$ cat run_0.txt   # compact mmCIF, C-alpha atoms
# COMPACT_ATOMS: atom_id res chain seq x y z
CA MET A 1 195.72 156.33 82.11
CA ILE A 2 198.73 154.43 80.80
CA GLU A 3 197.87 151.67 83.27
CA ALA A 4 194.28 151.52 81.97
CA ASP A 5 195.55 151.40 78.39
CA GLU A 6 198.01 148.60 79.20
CA ASN A 7 195.30 146.73 81.07
CA ILE A 8 193.41 146.39 77.77
CA ASN A 9 196.45 144.68 76.23
CA LEU A 10 196.77 142.39 79.24
CA GLU A 11 193.14 141.31 79.10
CA TYR A 12 193.38 140.87 75.34
CA ALA A 13 196.34 138.53 75.86
CA ARG A 14 194.23 136.51 78.27
CA ILE A 15 191.51 136.03 75.64
CA ASP A 16 194.12 134.91 73.13
CA TYR A 17 195.57 132.42 75.63
CA SER A 18 192.12 131.06 76.51
CA LEU A 19 191.21 130.68 72.83
CA GLN A 20 194.41 128.72 72.24
CA ARG A 21 193.51 126.38 75.09
CA ARG A 22 189.99 125.97 73.76
CA TYR A 23 191.38 125.07 70.35
CA ASP A 24 193.57 122.38 71.95
CA THR A 25 190.59 120.95 73.84
CA LEU A 26 188.41 121.06 70.73
CA THR A 27 191.00 119.06 68.84
CA GLN A 28 191.18 116.50 71.66
CA LEU A 29 187.40 116.25 71.73
CA ALA A 30 187.23 115.79 67.97
CA ASN A 31 189.89 113.06 68.14
CA SER A 32 187.93 111.26 70.83
CA ILE A 33 184.91 110.78 68.55
CA ASN A 34 187.02 109.07 65.89
CA GLY A 35 185.23 105.94 64.80
CA PHE A 36 182.04 106.80 66.66
CA GLN A 37 180.42 109.32 64.32
CA ALA A 38 179.35 109.15 60.70
CA HIS A 39 180.37 112.68 59.74
CA GLU A 40 183.57 113.09 61.77
CA GLN A 41 185.37 115.04 59.09
CA ALA A 42 182.78 117.81 59.33
CA TYR A 43 183.76 118.43 62.98
CA PHE A 44 187.45 118.68 62.11
CA ASP A 45 186.63 120.99 59.19
CA ALA A 46 184.59 123.31 61.43
CA ILE A 47 187.44 123.48 63.97
CA THR A 48 190.04 124.10 61.28
CA GLN A 49 187.88 126.78 59.67
CA ALA A 50 187.46 128.58 63.01
CA ARG A 51 191.19 128.31 63.66
CA GLU A 52 192.13 129.73 60.28
CA ALA A 53 189.61 132.56 60.64
CA TYR A 54 191.13 133.46 64.01
CA ALA A 55 194.73 133.29 62.71
CA SER A 56 193.84 135.60 59.83
CA ALA A 57 192.00 138.08 62.09
CA PHE A 58 194.88 137.99 64.59
CA ALA A 59 197.40 138.76 61.83
CA ASN A 60 195.33 141.80 60.80
CA ASN A 61 194.72 142.85 64.41
CA ASP A 62 191.00 142.88 63.59
CA ILE A 63 189.16 142.50 66.92
CA ALA A 64 185.70 142.20 65.34
CA ALA A 65 186.90 139.36 63.09
CA MET A 66 188.62 137.68 66.06
CA ALA A 67 185.36 137.80 68.00
CA GLU A 68 183.61 136.30 64.98
CA ALA A 69 186.19 133.48 64.87
CA ASP A 70 185.59 132.98 68.59
CA ASN A 71 181.89 132.53 67.72
CA LEU A 72 182.78 129.95 65.08
CA GLN A 73 184.78 128.01 67.68
CA SER A 74 181.80 128.18 70.07
CA ILE A 75 179.52 126.73 67.39
CA ALA A 76 182.04 123.96 66.62
CA LEU A 77 182.21 123.17 70.34
CA SER A 78 178.42 123.07 70.72
CA ASN A 79 178.20 120.67 67.77
CA LEU A 80 180.82 118.42 69.32
CA ILE A 81 179.01 118.35 72.65
CA ALA A 82 175.79 117.53 70.80
CA ALA A 83 177.62 114.63 69.08
CA PHE A 84 178.54 113.25 72.51
CA GLU A 85 175.00 113.70 73.80
CA GLN A 86 173.46 111.89 70.84
CA ASN A 87 175.74 108.87 71.02
CA PRO A 88 175.08 106.60 74.05
CA GLU A 89 178.34 104.73 73.47
CA LEU A 90 180.33 107.94 73.61
CA LYS A 91 178.34 109.28 76.54
CA ALA A 92 179.07 106.15 78.54
CA THR A 93 182.84 106.61 78.32
CA GLU A 94 184.71 107.80 81.37
CA ALA A 95 186.29 110.51 79.26
CA TYR A 96 182.90 112.13 78.72
CA GLY A 97 182.69 113.45 82.30
CA ASP A 98 186.29 114.64 82.13
CA TYR A 99 185.65 116.49 78.87
CA ASN A 100 182.63 118.19 80.43
CA ASP A 101 184.80 119.42 83.29
CA ALA A 102 187.61 120.52 80.98
CA VAL A 103 185.22 122.37 78.66
CA TRP A 104 183.46 124.06 81.58
CA GLY A 105 186.80 125.21 82.98
CA ILE A 106 188.02 126.62 79.68
CA GLU A 107 184.71 128.26 78.79
CA THR A 108 184.35 129.95 82.17
CA ALA A 109 187.93 131.25 81.92
CA LEU A 110 187.26 132.50 78.38
CA SER A 111 184.00 134.12 79.38
CA ASP A 112 185.81 135.77 82.29
CA ALA A 113 188.57 137.01 79.95
CA ARG A 114 186.03 138.51 77.52
CA ARG A 115 184.18 140.25 80.35
CA LYS A 116 187.38 141.69 81.83
CA TYR A 117 188.61 142.82 78.42
CA ASN A 118 185.36 144.72 77.81
CA GLU A 119 185.47 146.16 81.33
CA ALA A 120 189.05 147.31 80.72
CA ILE A 121 187.98 149.11 77.53
CA ASN A 122 185.01 150.65 79.29
CA GLU A 123 187.17 151.81 82.19
CA TYR A 124 189.73 153.32 79.82
CA ASN A 125 187.06 155.12 77.77
CA LEU A 126 185.43 156.55 80.88
CA LEU A 127 188.82 157.68 82.12
CA ILE A 128 189.66 159.65 78.99
CA ARG A 129 186.20 161.19 78.64
CA LYS A 130 185.69 162.31 82.25
CA PHE A 131 187.36 165.15 84.10
CA PRO A 132 190.27 165.20 84.92
CA GLY A 133 191.27 162.42 82.50
CA LEU A 134 190.07 164.28 79.44
CA ILE A 135 192.73 166.93 80.07
CA TYR A 136 195.51 164.35 80.17
CA ALA A 137 193.99 162.49 77.18
CA ASP A 138 193.96 165.67 75.14
CA MET A 139 197.51 166.60 76.17
CA PHE A 140 199.01 163.17 75.42
CA ASP A 141 196.78 162.04 72.51
CA PHE A 142 194.98 159.16 74.16
CA GLU A 143 192.14 158.10 71.86
CA GLN A 144 188.85 156.37 72.53
CA GLU A 145 188.92 152.58 72.12
CA ASP A 146 185.93 151.05 70.30
CA ASP A 147 187.02 147.44 69.92
CA TYR A 148 184.72 145.73 72.41
CA TRP A 149 184.73 141.92 72.20
CA LYS A 150 181.20 141.24 71.01
CA VAL A 151 179.97 137.68 71.33
CA GLY A 152 177.53 136.79 68.52
CA GLU A 153 173.87 136.03 69.07
CA ASN A 154 174.36 132.41 68.06
CA ALA A 155 177.10 131.74 70.56
CA THR A 156 176.39 131.68 74.26
CA ASP A 157 179.13 132.62 76.70
CA VAL A 158 179.32 129.18 78.26
CA PRO A 159 177.92 126.19 76.35
CA ASP A 160 175.00 124.38 77.88
CA ILE A 161 176.88 121.50 79.46
CA VAL A 162 175.08 118.56 81.00
CA PHE A 163 176.95 117.50 84.11
CA GLY A 164 177.18 113.89 83.01
CA SER A 165 179.49 112.61 85.72
CA THR A 166 177.61 114.14 88.64
CA GLY A 167 174.37 112.41 88.08
CA ASN A 168 172.83 115.63 89.35
CA MET B 169 193.23 186.68 90.06
CA LYS B 170 194.40 184.48 87.15
CA ALA B 171 196.95 182.80 89.41
CA LYS B 172 194.20 182.02 91.93
CA ILE B 173 192.04 180.36 89.24
CA VAL B 174 194.97 178.25 88.02
CA PHE B 175 195.75 177.27 91.63
CA LEU B 176 192.11 176.26 92.27
CA LEU B 177 192.03 174.29 89.02
CA ILE B 178 195.18 172.38 90.00
CA ILE B 179 193.71 171.60 93.44
CA ALA B 180 190.44 170.44 91.82
CA LEU B 181 192.42 168.25 89.42
CA LEU B 182 194.42 166.66 92.23
CA VAL B 183 191.33 166.08 94.39
CA SER B 184 189.39 164.47 91.54
CA THR B 185 192.37 162.28 90.68
CA LEU B 186 192.68 161.15 94.30
CA ILE B 187 188.94 160.46 94.58
CA GLY B 188 189.19 158.32 91.44
CA CYS B 189 191.90 156.23 93.08
CA GLY B 190 189.50 154.79 95.68
CA ASP B 191 189.10 151.00 95.71
CA LYS B 192 185.66 149.57 94.95
CA LYS B 193 184.81 146.39 96.85
CA GLU B 194 182.03 144.35 95.28
CA TYR B 195 182.08 141.42 97.65
CA PRO B 196 182.20 141.04 101.44
CA ASP B 197 185.58 140.94 103.10
CA PRO B 198 186.76 137.52 104.27
CA THR B 199 186.28 136.62 107.91
CA ARG B 200 189.20 136.67 110.35
CA LYS B 201 189.68 132.95 109.82
CA PHE B 202 190.10 133.65 106.09
CA TYR B 203 190.31 129.98 105.13
CA VAL B 204 186.65 129.36 105.97
CA ASN B 205 183.90 131.93 105.46
CA ASP B 206 180.61 130.31 106.35
CA PHE B 207 178.23 133.13 105.37
CA ALA B 208 175.34 130.64 104.98
CA ASP B 209 176.02 129.22 108.45
CA LYS B 210 176.03 125.62 107.27
CA LEU B 211 179.41 124.22 108.25
CA SER B 212 179.94 122.65 111.66
CA PRO B 213 182.55 124.14 114.04
CA ALA B 214 184.48 120.86 113.84
CA VAL B 215 184.81 121.05 110.05
CA GLU B 216 185.58 124.78 110.16
CA SER B 217 188.31 124.08 112.68
CA THR B 218 189.72 121.32 110.45
CA ILE B 219 189.75 123.59 107.39
CA VAL B 220 191.52 126.40 109.24
CA ARG B 221 194.05 124.09 110.87
CA GLU B 222 194.98 122.25 107.68
CA ALA B 223 194.95 125.38 105.50
CA GLU B 224 197.22 127.22 107.95
CA ARG B 225 199.53 124.20 108.04
CA LEU B 226 199.73 124.15 104.23
CA PHE B 227 200.34 127.89 104.05
CA GLU B 228 203.07 127.72 106.68
CA TYR B 229 204.70 124.77 104.97
CA SER B 230 204.57 126.45 101.56
CA THR B 231 206.05 129.70 102.85
CA ASP B 232 209.12 128.22 104.50
CA GLU B 233 212.66 128.97 103.38
CA VAL B 234 212.85 126.16 100.84
CA THR B 235 209.47 126.28 99.15
CA GLN B 236 208.74 130.02 99.40
CA THR B 237 205.33 130.19 97.75
CA GLY B 238 202.23 130.53 99.93
CA ILE B 239 199.43 128.17 98.92
CA GLN B 240 195.96 128.98 100.24
CA VAL B 241 192.80 126.88 100.10
CA VAL B 242 189.69 128.87 101.01
CA PHE B 243 186.11 127.67 101.57
CA VAL B 244 183.06 129.98 101.31
CA THR B 245 179.34 129.32 101.72
CA PHE B 246 176.60 131.60 100.38
CA ALA B 247 172.81 131.32 100.74
CA VAL B 248 171.00 132.46 97.57
CA GLU B 249 167.34 132.62 96.57
CA SER B 250 167.84 131.21 93.06
CA GLU B 251 170.42 130.27 90.46
CA GLU B 252 169.93 133.67 88.80
CA ASP B 253 171.56 135.21 91.88
CA ILE B 254 174.63 133.04 91.30
CA ALA B 255 174.97 134.31 87.73
CA SER B 256 175.68 137.80 89.07
CA ILE B 257 178.55 136.60 91.29
CA TYR B 258 181.89 136.60 89.50
CA LEU B 259 184.06 134.28 91.50
CA SER B 260 187.31 135.35 89.86
CA ASP B 261 186.54 138.87 91.13
CA LEU B 262 185.95 137.50 94.62
CA TYR B 263 189.19 135.51 94.36
CA ASN B 264 191.10 138.59 93.23
CA GLN B 265 189.54 140.82 95.90
CA TRP B 266 190.61 138.38 98.60
CA GLU B 267 194.00 137.86 96.91
CA ILE B 268 194.10 134.14 97.61
CA GLY B 269 197.52 132.47 97.52
CA THR B 270 200.96 133.97 97.01
CA ASP B 271 202.15 133.74 93.38
CA ASP B 272 198.54 132.94 92.35
CA LEU B 273 198.71 129.55 94.07
CA GLY B 274 195.26 129.23 95.53
CA ILE B 275 191.94 127.43 95.32
CA LEU B 276 188.58 128.98 96.18
CA ILE B 277 185.76 126.55 96.94
CA VAL B 278 182.25 128.00 97.07
CA TYR B 279 179.05 126.28 98.24
CA TYR B 280 175.81 127.97 97.19
CA TYR B 281 172.72 126.89 99.12
CA VAL B 282 169.77 127.63 96.85
CA GLY B 283 166.44 128.28 98.57
CA ASN B 284 165.11 130.46 101.36
CA ILE B 285 168.07 132.57 102.50
CA ASP B 286 166.43 133.23 105.87
CA ASP B 287 166.24 129.51 106.52
CA PRO B 288 169.41 127.88 105.14
CA GLU B 289 168.36 124.54 106.65
CA SER B 290 165.60 124.32 104.05
CA SER B 291 167.89 124.85 101.04
CA ILE B 292 166.57 122.89 98.05
CA TYR B 293 169.91 121.97 96.50
CA THR B 294 173.52 123.02 96.53
CA ILE B 295 175.84 124.18 93.78
CA TYR B 296 179.58 123.84 94.24
CA ASP B 297 182.08 126.04 92.41
CA PHE B 298 185.85 125.69 92.43
CA VAL B 299 188.10 128.49 91.19
CA LEU B 300 191.82 128.10 90.54
CA GLY B 301 194.51 130.75 90.81
CA TYR B 302 196.55 131.31 87.65
CA SER B 303 199.56 129.29 88.82
CA MET B 304 197.50 126.59 90.51
CA GLU B 305 196.14 125.66 87.05
CA GLN B 306 199.50 123.96 86.37
CA TYR B 307 199.06 121.54 89.24
CA VAL B 308 195.33 120.99 89.67
CA SER B 309 192.89 120.95 86.75
CA PRO B 310 189.08 121.21 86.70
CA VAL B 311 189.11 117.51 85.70
CA ASP B 312 191.11 116.63 88.85
CA LEU B 313 188.72 118.66 91.00
CA GLY B 314 185.73 117.00 89.33
CA ASN B 315 187.12 113.56 90.12
CA MET B 316 187.85 114.58 93.71
CA PHE B 317 184.29 115.86 94.10
CA ASP B 318 182.86 112.62 92.70
CA GLU B 319 184.89 110.55 95.16
CA THR B 320 184.01 112.66 98.20
CA MET B 321 180.93 114.91 98.24
CA LYS B 322 179.03 112.84 95.69
CA VAL B 323 179.27 109.56 97.57
CA THR B 324 178.09 110.79 100.96
CA GLU B 325 174.94 112.39 102.31
CA ASP B 326 176.94 113.82 105.21
CA GLU B 327 178.07 117.19 103.92
CA GLN B 328 180.32 117.85 106.91
CA LEU B 329 182.26 114.63 106.44
CA GLY B 330 182.20 115.12 102.66
CA THR B 331 183.71 118.58 103.05
CA ALA B 332 186.52 117.29 105.26
CA HIS B 333 187.13 114.42 102.82
CA LEU B 334 187.21 116.87 99.89
CA LEU B 335 189.67 119.09 101.76
CA TYR B 336 191.96 116.14 102.48
CA GLU B 337 191.84 115.01 98.85
CA ILE B 338 192.71 118.52 97.64
CA LEU B 339 195.58 118.69 100.13
CA GLN B 340 196.80 115.27 99.04
CA GLU B 341 196.85 116.45 95.40
CA ILE B 342 198.62 119.73 96.23
CA TYR B 343 201.29 118.19 98.49
CA TRP B 344 201.99 115.51 95.92
CA GLU B 345 201.85 117.60 92.73
CA ILE B 346 203.84 120.54 94.06
CA TYR B 347 206.18 119.03 96.65
CA GLY B 348 206.17 115.30 95.88
CA ILE B 349 205.09 114.62 99.46
CA GLU B 350 202.56 111.96 100.33
CA PHE B 351 199.86 113.46 102.54
CA THR B 352 197.92 110.79 104.41
CA TYR B 353 194.74 110.95 106.47
CA ASP B 354 192.43 108.55 108.29
CA LEU B 355 188.85 109.36 107.35
CA ASP B 356 187.40 106.59 109.55
CA TYR B 357 189.12 108.04 112.61
CA TYR B 358 187.96 111.50 111.60
CA ALA B 359 184.35 110.34 111.17
CA ASN B 360 184.10 108.05 114.17
CA THR B 361 186.34 109.71 116.73
CA TYR B 362 187.17 113.30 115.87
CA LEU B 363 183.76 114.55 114.70
CA PRO B 364 181.61 113.00 117.49
CA ASN B 365 184.01 114.10 120.23
CA TYR B 366 184.82 117.56 118.95
CA ASP B 367 184.44 120.24 121.61
CA GLU B 368 184.59 123.69 120.10
CA TYR B 369 185.48 125.24 123.44
CA ALA B 370 188.27 122.79 124.17
CA GLU B 371 190.61 124.61 121.82
CA TYR B 372 190.27 127.74 123.89
CA ASP B 373 190.71 126.02 127.25
CA ASP B 374 194.46 126.04 127.09
CA ILE B 375 194.67 129.70 126.06
CA TRP B 376 192.18 130.90 128.68
CA GLY B 377 193.71 128.60 131.26
CA TRP B 378 197.12 130.09 130.52
CA ILE B 379 195.76 133.65 130.69
CA LEU B 380 194.02 132.99 134.01
CA TYR B 381 197.17 131.35 135.32
CA ILE B 382 199.27 134.40 134.39
CA ILE B 383 196.81 136.89 135.88
CA LEU B 384 195.77 135.08 139.02
CA SER B 385 198.48 132.65 139.98
CA PRO B 386 201.02 133.83 142.54
CA SER B 387 203.46 131.44 140.80
CA SER B 388 203.48 133.42 137.55
CA SER B 389 206.35 135.83 137.21
CA TRP B 390 206.20 139.57 136.47
CA TRP B 391 207.86 139.13 133.10
CA GLU B 392 205.07 136.66 132.11
CA LYS B 393 202.49 139.25 133.16
CA GLY B 394 204.36 141.84 131.11
CA ILE B 395 204.34 139.64 127.99
CA LEU B 396 200.61 139.02 128.40
CA ALA B 397 199.98 142.77 128.75
CA LEU B 398 202.02 143.47 125.60
CA ILE B 399 200.09 140.84 123.62
CA GLY B 400 196.83 142.32 124.92
CA PHE B 401 197.82 145.83 123.82
CA ALA B 402 198.97 144.57 120.44
CA ILE B 403 195.68 142.76 119.80
CA LEU B 404 193.57 145.71 120.94
CA GLY B 405 195.76 148.16 119.08
CA THR B 406 195.42 146.34 115.76
CA GLY B 407 191.75 145.48 116.17
CA GLY B 408 192.64 141.83 116.65
CA GLY B 409 194.88 141.93 113.61
CA LEU B 410 197.40 139.54 115.12
CA ALA B 411 194.91 136.69 114.98
CA ARG B 412 193.82 137.39 111.43
CA ASN B 413 194.74 135.37 108.37
CA ILE B 414 195.02 137.33 105.13
CA GLY B 415 195.39 136.63 101.43
CA GLY B 416 198.76 136.14 99.79
CA GLY B 417 198.20 138.55 96.89
CA GLY B 418 197.08 135.94 94.34
CA ARG B 419 194.90 136.35 91.25
CA SER B 420 192.69 134.05 89.19
CA GLY B 421 191.72 133.98 85.52
CA GLY B 422 188.40 132.32 86.31
CA MET B 423 189.39 128.71 85.46
CA SER B 424 186.75 126.81 87.37
CA LEU B 425 184.58 123.75 87.85
CA ARG B 426 180.89 123.50 88.76
CA ARG B 427 178.99 120.64 90.35
CA ARG B 428 175.54 120.35 91.81
CA LYS B 429 173.83 118.06 94.28
$ encode --input "run_0.txt" --output "structure tokens"
Amino acid sequence: MIEADENINLEYARIDYSLQRRYDTLTQLANSINGFQAHEQAYFDAITQAREAYASAFANNDIAAMAEADNLQSIALSNLIAAFEQNPELKATEAYGDYNDAVWGIETALSDARRKYNEAINEYNLLIRKFPGLIYADMFDFEQEDDYWKVGENATDVPDIVFGSTGN
Amino acid sequence: MKAKIVFLLIIALLVSTLIGCGDKKEYPDPTRKFYVNDFADKLSPAVESTIVREAERLFEYSTDEVTQTGIQVVFVTFAVESEEDIASIYLSDLYNQWEIGTDDLGILIVYYYVGNIDDPESSIYTIYDFVLGYSMEQYVSPVDLGNMFDETMKVTEDEQLGTAHLLYEILQEIYWEIYGIEFTYDLDYYANTYLPNYDEYAEYDDIWGWILYIILSPSSSWWEKGILALIGFAILGTGGGLARNIGGGGRSGGMSLRRRK
């Protein structure tokens, strides 16, 4: 039971790590469109807003707010990818294919971390509600965990990436 | 009476706890070769042999006294009816079940053949997934893998040669990034000499020849016969375990790359 409880913390740490990496990639992506887009500042603002929302939620240990900040980052990322798609000059750069690969890698790792975090919570909850775990849970005050990482309706798990460098 | 009920309750508690400890396996176990698991039956024996030989060589090199890690590169092929079937396969779970690479130093490469699973030859297209172990992320990135794919599989119609080329490129990257060693290969020789002349039975000739020599030849000594008998008992006793490659205990966080062709 202690192991299941600790597993939640471990998986939570993985989400945090993946979000940090996504933020770094988002910043790189935003920098790469410098001089190519008319409303560049809006992309930086969206990233900064998502970052601040996450930092605030993290400080308050508010999982629901962290998931919401995760959604904001997803939206900022989707907008950036759309900016690449709409600009032929940007799309033709060699970096475009590399960014696709980097984003795919980070998003799949993040999606995996979210899934495993939710599975860890589910496993823990089942453990403390089923026999014989409920006896231990009652004896040692283990409480049900309700903080599932809920991805918003507007944010897909993995952005719809066009595999630009493969030519399909 | 009360003591009996308490005793039965304790037994029930222990039994249920033990039952709950059972391991669930979602995915098939790896084959004995471990480094190549051609479930879709699409890879040629020559390429399978190359993958196993080079992957074993890398693992042995990386586990020696100086380096002490245990890098594993594993290839898998699956035949699936549609892309929806792929969505239900979590490759990080497969990676973790197979425990690829000691200290999380591994790469899992998966080929999905999409189409009629009863007739893999007629597959419509192929999707390629690459999954990195936690520690391998430091040395090889999805961007590196994407570039390797583009320079190997993408530029050839020959999937067997492309696979060998991809393997060599991955090995080159690993040897260089982790050990600073330049790994070289001759793809022309591989394509024009090794592949056309590969005899899948030739590799066994020496072993069988040696076994027949020990059993039948009057020149073989009794201690040689004894060693052969011991090896035979060991293999039978462990269900062939002596010849089996296994995972190094590694885990992955799902960092991956996808390509299609």
$ interface_residues --input "run_0.txt" --of "chain B" --to "chain A" --cutoff "9 Å" --atoms "all atoms listed in the file" --output "list in words"
Ala180, Leu181, Leu182, Ser184, Thr185, Tyr258, Ser260, Val299, Ser309, Pro310, Val311, Asp312, Leu313, Gly314, Asn315, Phe317, Asp318, Lys322, Gly421, Gly422, Met423, Ser424, Leu425, Arg426, Arg427, Arg428 and Lys429 of chain B
$ atom_distance --input "run_0.txt" --atom1 "atom CA of Leu134 of chain A" --atom2 "atom CA of Leu10 of chain A"
22.9 Å
$ atom_distance --input "run_0.txt" --atom1 "atom CA of Ser290 of chain B" --atom2 "atom CA of Leu211 of chain B"
14.4 Å
$ atom_distance --input "run_0.txt" --atom1 "atom CA of Tyr366 of chain B" --atom2 "atom CA of Ala214 of chain B"
6.1 Å
$ residues_around --input "run_0.txt" --residues "segment 335-337 of chain B" --least-positions-apart "4" --cutoff "9 Å" --atoms "all atoms listed in the file" --output "ChimeraX atom specification"
/B:218-219,222,241,316-317,320,330-331,341-342,351-353,355
$ closest_residue --input "run_0.txt" --among "A:Leu72, A:Asp45, A:Ala137, A:Glu40" --to "Ile2 of chain A" --atoms "all atoms listed in the file"
A:Ala137
$ closest_residue --input "run_0.txt" --among "B:Tyr347, B:Tyr229, B:Tyr203, B:Tyr280" --to "Glu252 of chain B" --atoms "all atoms listed in the file"
B:Tyr280
$ closest_residue --input "run_0.txt" --among "A:Ile8, A:Ala30, A:Leu19, A:Ile63" --to "Ser78 of chain A" --atoms "only C-alpha atoms"
A:Ala30
$ residues_around --input "run_0.txt" --residues "segment 244-251 of chain B" --least-positions-apart "2" --cutoff "6 Å" --atoms "all atoms listed in the file" --output "PDB file with C-alpha atoms, in the coordinates of the input"
ATOM      1  CA  VAL B 204     186.650 129.360 105.970  1.00  0.00           C
ATOM      2  CA  ASN B 205     183.900 131.930 105.460  1.00  0.00           C
ATOM      3  CA  ASP B 206     180.610 130.310 106.350  1.00  0.00           C
ATOM      4  CA  PHE B 207     178.230 133.130 105.370  1.00  0.00           C
ATOM      5  CA  ALA B 208     175.340 130.640 104.980  1.00  0.00           C
ATOM      6  CA  ASP B 253     171.560 135.210  91.880  1.00  0.00           C
ATOM      7  CA  ILE B 254     174.630 133.040  91.300  1.00  0.00           C
ATOM      8  CA  VAL B 278     182.250 128.000  97.070  1.00  0.00           C
ATOM      9  CA  TYR B 279     179.050 126.280  98.240  1.00  0.00           C
ATOM     10  CA  TYR B 280     175.810 127.970  97.190  1.00  0.00           C
ATOM     11  CA  TYR B 281     172.720 126.890  99.120  1.00  0.00           C
ATOM     12  CA  VAL B 282     169.770 127.630  96.850  1.00  0.00           C
ATOM     13  CA  GLY B 283     166.440 128.280  98.570  1.00  0.00           C
ATOM     14  CA  ASN B 284     165.110 130.460 101.360  1.00  0.00           C
ATOM     15  CA  ILE B 285     168.070 132.570 102.500  1.00  0.00           C
TER      16      ILE B 285
END
$ closest_residue --input "run_0.txt" --among "A:Tyr43, A:Tyr117, A:Tyr54, A:Phe140" --to "Ala82 of chain A" --atoms "only C-alpha atoms"
A:Tyr43
$ decode --input "run_0.txt" --residues "segment 116-140 of chain A" --atoms "C-alpha atoms" --output "mmCIF file, in the first residue's frame"
data_model
loop_
_atom_site.group_PDB
_atom_site.id
_atom_site.type_symbol
_atom_site.label_atom_id
_atom_site.label_comp_id
_atom_site.auth_asym_id
_atom_site.auth_seq_id
_atom_site.Cartn_x
_atom_site.Cartn_y
_atom_site.Cartn_z
ATOM 1 C CA LYS A 116 0.640 6.101 -15.694
ATOM 2 C CA TYR A 117 -0.152 8.726 -13.056
ATOM 3 C CA ASN A 118 -3.887 8.064 -13.431
ATOM 4 C CA GLU A 119 -3.285 4.309 -13.410
ATOM 5 C CA ALA A 120 -1.244 4.687 -10.213
ATOM 6 C CA ILE A 121 -4.114 6.567 -8.540
ATOM 7 C CA ASN A 122 -6.616 4.001 -9.749
ATOM 8 C CA GLU A 123 -4.467 1.129 -8.500
ATOM 9 C CA TYR A 124 -4.041 2.792 -5.107
ATOM 10 C CA ASN A 125 -7.769 3.509 -4.767
ATOM 11 C CA LEU A 126 -8.686 -0.065 -5.662
ATOM 12 C CA LEU A 127 -6.135 -1.331 -3.176
ATOM 13 C CA ILE A 128 -7.559 0.619 -0.249
ATOM 14 C CA ARG A 129 -11.186 -0.127 -1.101
ATOM 15 C CA LYS A 130 -10.885 -3.877 -1.706
ATOM 16 C CA PHE A 131 -10.335 -6.648 0.808
ATOM 17 C CA PRO A 132 -7.777 -7.098 2.354
ATOM 18 C CA GLY A 133 -6.443 -3.589 1.663
ATOM 19 C CA LEU A 134 -9.399 -1.854 3.262
ATOM 20 C CA ILE A 135 -8.401 -3.360 6.614
ATOM 21 C CA TYR A 136 -4.870 -1.981 6.364
ATOM 22 C CA ALA A 137 -6.186 1.357 5.015
ATOM 23 C CA ASP A 138 -8.524 1.702 7.968
ATOM 24 C CA MET A 139 -5.821 0.724 10.468
ATOM 25 C CA PHE A 140 -3.183 3.113 9.086
#
